[in-house]
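Participant: Just dropping this structure here.
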Amino acid sequence: MMYASDFLGLGLKFHGHKCSAMPLGLRAGAAAMNALGVERSQDKELMMLAETADDHAAGCFVDGLMTVTGCTYGKSNIKKTYYGKMAFTLIDTLRNTAVRVQLKPEFFGKMLGSPFVQQRKQGVLPQDVPASVTDPLVESVMARAEVEFLEISPVFDYPFARIKGTFDTGLCERCGERVFANKLQEVDGKRVCVPCRERLAGTAQ
């Protein structure tokens, strides 16, 4: 059984400030793991498709998801779909099963009316919002029953093709920098990196 409370301290340290969205990610990620019956990902046993985007409120949700599930950008087992939704799919790559979790629409709407969000709208940095505002929000999230704020789908089949990692490298024949081989592309008879290819394409226009 995965308990989000076991990861709260780590999540706060990793995330950098106290808010309600990161703990919501902890709770939602733990709920998805318990539904699948899986442990925290050490390598790529789990894969996450996060439906959040950039430049919107509550993006901190994803830091909570990464903290508790072990799905990280460094391991390449989390991807954003940029849908702008507070939802994600967690995939068990060993058993080819998955579950989708989202914040309930009514709860999410009310959350965006919280005193914390009101201060953020006024330009107050998250780390400068008083503890008298943030502490009760975090405590409420951690104590709240899952049924009050999460919609958890039934577990469903999700065929997953694992991709073998690349260990080979080569030198870009334009800038001389070392690049993983799967990102070198041939342009005019030379193997070049992505930025050099884009620069060459720009000069050709």
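Letters A, B, ... mark the chains of the structure tokens in the order given; residue numbers begin at 1 per chain; ligand numbers begin at 1, in order shown.
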Name all residues at most 6 Å from stretch 56-61 of chain A (count only C-alpha atoms; drop same-chain ones fewer than 3 positions away) and give them as a PyMOL selection string.
Facilitator: chain A and resi 21-22+25+64
Participant: Dump as a Markdown table the rows for residues of stretch 69-131 of chain A within 6 Å of stretch 147-164 of chain A: closest atom pair and distance in Å with one decimal, only C-alpha atoms counted, ordered by chain and rising residue number.
Facilitator:
```
| residue | atom | partner | partner_atom | distance |
| --- | --- | --- | --- | --- |
| A:Thr93 | CA | A:Phe160 | CA | 5.9 |
| A:Asn96 | CA | A:Tyr158 | CA | 4.9 |
| A:Thr97 | CA | A:Asp157 | CA | 4.5 |
| A:Ala98 | CA | A:Phe156 | CA | 5.4 |
| A:Val99 | CA | A:Val155 | CA | 4.9 |
| A:Arg100 | CA | A:Ser153 | CA | 5.4 |
| A:Val101 | CA | A:Ile152 | CA | 4.6 |
| A:Gln102 | CA | A:Glu151 | CA | 5.3 |
| A:Leu103 | CA | A:Leu150 | CA | 4.8 |
| A:Lys104 | CA | A:Phe149 | CA | 5.2 |
| A:Phe107 | CA | A:Phe149 | CA | 5.8 |
```
Participant: Give me, as number ranges by chain, all polymer residues having an atom no more than 12 Å from A:Gln42, counting only C-alpha atoms and skipping those fewer than 4 positions away in the same chain.
Facilitator: A: 38, 46-47, 66-72, 74-75, 77
Participant: Store the residues picked out above, limited to C-alpha atoms, as a PDB file, in the first residue's frame.
Facilitator:
```pdb
ATOM      1  CA  VAL A  38       2.464  -1.355  -8.067  1.00  0.00           C
ATOM      2  CA  LEU A  46       5.855   2.661 -14.656  1.00  0.00           C
ATOM      3  CA  MET A  47       5.091   5.195 -17.382  1.00  0.00           C
ATOM      4  CA  MET A  66       6.805  12.523  -9.975  1.00  0.00           C
ATOM      5  CA  THR A  67       7.771  12.420  -6.288  1.00  0.00           C
ATOM      6  CA  VAL A  68       5.475   9.572  -5.311  1.00  0.00           C
ATOM      7  CA  THR A  69       5.470   7.454  -8.493  1.00  0.00           C
ATOM      8  CA  GLY A  70       9.142   7.704  -9.449  1.00  0.00           C
ATOM      9  CA  CYS A  71       8.127   8.685 -12.985  1.00  0.00           C
ATOM     10  CA  THR A  72      10.654  11.385 -13.873  1.00  0.00           C
ATOM     11  CA  GLY A  74      15.417  12.004 -16.268  1.00  0.00           C
ATOM     12  CA  LYS A  75      14.240   8.392 -16.635  1.00  0.00           C
ATOM     13  CA  ASN A  77       9.034   7.632 -18.063  1.00  0.00           C
TER      14      ASN A  77
END
```
Participant: I'd like the interatomic distance between atom CA of A:Gln185 and atom CA of A:Thr166, to a tenth of an Å.
Facilitator: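 So the answer is 15.0 Å.
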Participant: So how many Å separate atom CA of A:Gly109 and atom CA of A:Thr134, to one decimal?
Facilitator: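 Spanning atom CA of A:Gly109 to atom CA of A:Thr134 is a straight-line distance of 17.8 Å.
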Participant: Taking the backbone alone, and naming residues the way the document does, which bits of stretch 18-174 of chain A are strand (DSSP E) by DSSP, as JSON, numbers by chain?
Facilitator: {"A": [46, 47, 48, 49, 50, 78, 79, 80, 87, 88, 89, 90, 91, 92, 97, 98, 99, 100, 101, 102, 103, 150, 151, 152, 156, 157, 169, 170, 171]}
Participant: Just to confirm, what's the straight-line distance from atom CA of A:Lys13 to atom CA of A:Phe108 in Å (one decimal)?
Facilitator: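 Separating atom CA of A:Lys13 from atom CA of A:Phe108 is a distance of 24.2 Å.
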Participant: Which residues are near A:Gly170? Cut-off 8 Å, only C-alpha atoms, ignore same chain within fewer than 3 positions. Put them as a PDB file with C-alpha atoms, in the first residue's frame.
Facilitator:
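Wrote it out as out_27.pdb, contents follow:
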```pdb
ATOM      1  CA  ARG A 178      29.071  14.807 -28.754  1.00  0.00           C
ATOM      2  CA  VAL A 179      25.513  13.619 -29.344  1.00  0.00           C
ATOM      3  CA  PHE A 180      23.637  10.400 -28.710  1.00  0.00           C
ATOM      4  CA  ALA A 181      23.596   8.574 -32.029  1.00  0.00           C
ATOM      5  CA  LEU A 184      22.341  12.592 -35.300  1.00  0.00           C
TER       6      LEU A 184
END
```
Participant: If you run DSSP over the backbone, which residues in stretch 32-159 of chain A end up helix (DSSP H, G or I)? Put them as a PyMOL selection string.
Facilitator: chain A and resi 32-36+61-69+105-111+115-121+126-128+131-143+146-149
Participant: Give me a file of those residues, with N, CA and C atoms, as a CSV table (one decimal), in the first residue's frame.
Facilitator:
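Written file, out_6.csv:
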```csv
chain,number,residue,atom,x,y,z
A,32,ALA,N,-3.4,6.1,-7.8
A,32,ALA,CA,-3.2,5.3,-9.0
A,32,ALA,C,-2.3,4.1,-8.8
A,33,MET,N,-1.3,4.3,-8.0
A,33,MET,CA,-0.4,3.1,-7.7
A,33,MET,C,-1.1,2.0,-7.0
A,34,ASN,N,-1.9,2.4,-6.0
A,34,ASN,CA,-2.7,1.4,-5.2
A,34,ASN,C,-3.7,0.7,-6.1
A,35,ALA,N,-4.3,1.5,-7.0
A,35,ALA,CA,-5.3,0.8,-7.9
A,35,ALA,C,-4.6,-0.2,-8.8
A,36,LEU,N,-3.4,0.1,-9.2
A,36,LEU,CA,-2.7,-0.9,-10.1
A,36,LEU,C,-1.9,-1.9,-9.3
A,61,PHE,N,1.1,20.2,-9.5
A,61,PHE,CA,0.5,18.9,-9.4
A,61,PHE,C,1.5,17.8,-9.9
A,62,VAL,N,2.2,18.1,-11.0
A,62,VAL,CA,3.1,17.1,-11.6
A,62,VAL,C,4.3,16.8,-10.7
A,63,ASP,N,4.8,17.8,-10.0
A,63,ASP,CA,5.9,17.5,-9.1
A,63,ASP,C,5.5,16.5,-8.0
A,64,GLY,N,4.2,16.6,-7.5
A,64,GLY,CA,3.8,15.6,-6.6
A,64,GLY,C,3.7,14.2,-7.3
A,65,LEU,N,3.2,14.2,-8.5
A,65,LEU,CA,3.1,12.9,-9.2
A,65,LEU,C,4.5,12.2,-9.4
A,66,MET,N,5.5,13.1,-9.8
A,66,MET,CA,6.8,12.5,-10.0
A,66,MET,C,7.4,12.0,-8.7
A,67,THR,N,7.2,12.8,-7.6
A,67,THR,CA,7.8,12.4,-6.3
A,67,THR,C,7.3,11.1,-5.8
A,68,VAL,N,6.0,10.8,-5.9
A,68,VAL,CA,5.5,9.6,-5.3
A,68,VAL,C,5.6,8.4,-6.2
A,69,THR,N,5.5,8.6,-7.6
A,69,THR,CA,5.5,7.5,-8.5
A,69,THR,C,6.9,7.1,-9.0
A,105,PRO,N,-14.1,17.7,-11.4
A,105,PRO,CA,-14.2,19.1,-11.9
A,105,PRO,C,-14.7,20.1,-10.9
A,106,GLU,N,-15.7,19.7,-10.0
A,106,GLU,CA,-16.2,20.6,-9.0
A,106,GLU,C,-15.2,20.9,-8.0
A,107,PHE,N,-14.4,19.9,-7.6
A,107,PHE,CA,-13.4,20.2,-6.6
A,107,PHE,C,-12.3,21.1,-7.2
A,108,PHE,N,-11.9,20.8,-8.4
A,108,PHE,CA,-10.8,21.6,-9.0
A,108,PHE,C,-11.3,23.1,-9.2
A,109,GLY,N,-12.5,23.3,-9.6
A,109,GLY,CA,-13.1,24.6,-9.7
A,109,GLY,C,-13.0,25.4,-8.4
A,110,LYS,N,-13.4,24.7,-7.3
A,110,LYS,CA,-13.4,25.3,-6.0
A,110,LYS,C,-12.0,25.6,-5.5
A,111,MET,N,-11.1,24.7,-5.9
A,111,MET,CA,-9.7,24.9,-5.4
A,111,MET,C,-9.1,26.2,-6.0
A,115,PRO,N,-7.8,31.0,-1.0
A,115,PRO,CA,-7.0,32.2,-0.7
A,115,PRO,C,-5.6,32.1,-1.3
A,116,PHE,N,-5.1,31.0,-1.4
A,116,PHE,CA,-3.7,30.8,-2.0
A,116,PHE,C,-3.8,31.3,-3.5
A,117,VAL,N,-4.7,30.8,-4.2
A,117,VAL,CA,-4.8,31.2,-5.6
A,117,VAL,C,-5.1,32.6,-5.8
A,118,GLN,N,-5.9,33.2,-4.9
A,118,GLN,CA,-6.3,34.6,-5.0
A,118,GLN,C,-5.0,35.5,-4.8
A,119,GLN,N,-4.1,35.1,-3.9
A,119,GLN,CA,-2.9,35.8,-3.7
A,119,GLN,C,-2.0,35.6,-4.9
A,120,ARG,N,-2.0,34.4,-5.5
A,120,ARG,CA,-1.1,34.2,-6.7
A,120,ARG,C,-1.6,35.1,-7.9
A,121,LYS,N,-2.9,35.2,-8.0
A,121,LYS,CA,-3.5,36.0,-9.1
A,121,LYS,C,-3.1,37.5,-8.9
A,126,PRO,N,4.6,32.2,-4.8
A,126,PRO,CA,4.1,31.1,-4.0
A,126,PRO,C,4.8,31.0,-2.6
A,127,GLN,N,6.2,31.2,-2.7
A,127,GLN,CA,6.9,31.1,-1.4
A,127,GLN,C,6.7,32.2,-0.4
A,128,ASP,N,6.0,33.3,-0.9
A,128,ASP,CA,5.7,34.4,-0.1
A,128,ASP,C,4.3,34.4,0.5
A,131,ALA,N,2.2,31.2,5.8
A,131,ALA,CA,1.9,29.8,6.2
A,131,ALA,C,0.5,29.7,6.8
A,132,SER,N,-0.1,30.8,7.3
A,132,SER,CA,-1.4,30.8,7.8
A,132,SER,C,-2.4,30.4,6.7
A,133,VAL,N,-2.0,30.7,5.4
A,133,VAL,CA,-2.8,30.3,4.2
A,133,VAL,C,-2.5,29.0,3.7
A,134,THR,N,-1.2,28.7,3.6
A,134,THR,CA,-0.8,27.4,2.9
A,134,THR,C,-0.9,26.2,3.8
A,135,ASP,N,-0.6,26.3,5.1
A,135,ASP,CA,-0.6,25.1,6.0
A,135,ASP,C,-2.0,24.5,6.1
A,136,PRO,N,-3.1,25.2,6.3
A,136,PRO,CA,-4.4,24.6,6.3
A,136,PRO,C,-4.8,23.9,5.0
A,137,LEU,N,-4.4,24.5,3.9
A,137,LEU,CA,-4.7,23.9,2.6
A,137,LEU,C,-4.0,22.5,2.4
A,138,VAL,N,-2.7,22.5,2.8
A,138,VAL,CA,-2.0,21.3,2.7
A,138,VAL,C,-2.5,20.2,3.6
A,139,GLU,N,-2.8,20.6,4.8
A,139,GLU,CA,-3.4,19.7,5.8
A,139,GLU,C,-4.7,19.1,5.3
A,140,SER,N,-5.5,20.0,4.7
A,140,SER,CA,-6.8,19.5,4.2
A,140,SER,C,-6.7,18.5,3.1
A,141,VAL,N,-5.7,18.8,2.2
A,141,VAL,CA,-5.5,17.9,1.1
A,141,VAL,C,-5.1,16.5,1.6
A,142,MET,N,-4.1,16.5,2.5
A,142,MET,CA,-3.6,15.2,3.0
A,142,MET,C,-4.6,14.4,3.8
A,143,ALA,N,-5.6,15.1,4.4
A,143,ALA,CA,-6.6,14.4,5.3
A,143,ALA,C,-7.8,14.0,4.5
A,146,GLU,N,-10.3,10.2,-0.6
A,146,GLU,CA,-10.1,10.2,-2.1
A,146,GLU,C,-11.3,10.5,-2.8
A,147,VAL,N,-12.4,9.9,-2.4
A,147,VAL,CA,-13.7,10.0,-3.1
A,147,VAL,C,-14.2,11.4,-3.2
A,148,GLU,N,-13.7,12.3,-2.3
A,148,GLU,CA,-14.1,13.7,-2.4
A,148,GLU,C,-13.5,14.5,-3.5
A,149,PHE,N,-12.3,14.1,-4.0
A,149,PHE,CA,-11.7,14.9,-5.0
A,149,PHE,C,-11.1,14.2,-6.2
```
Participant: From the options A:Glu173, A:Lys183, A:Leu200, A:Phe88, which residue's atoms come nearest to A:Gly29, counting only C-alpha atoms?
Facilitator: A:Phe88
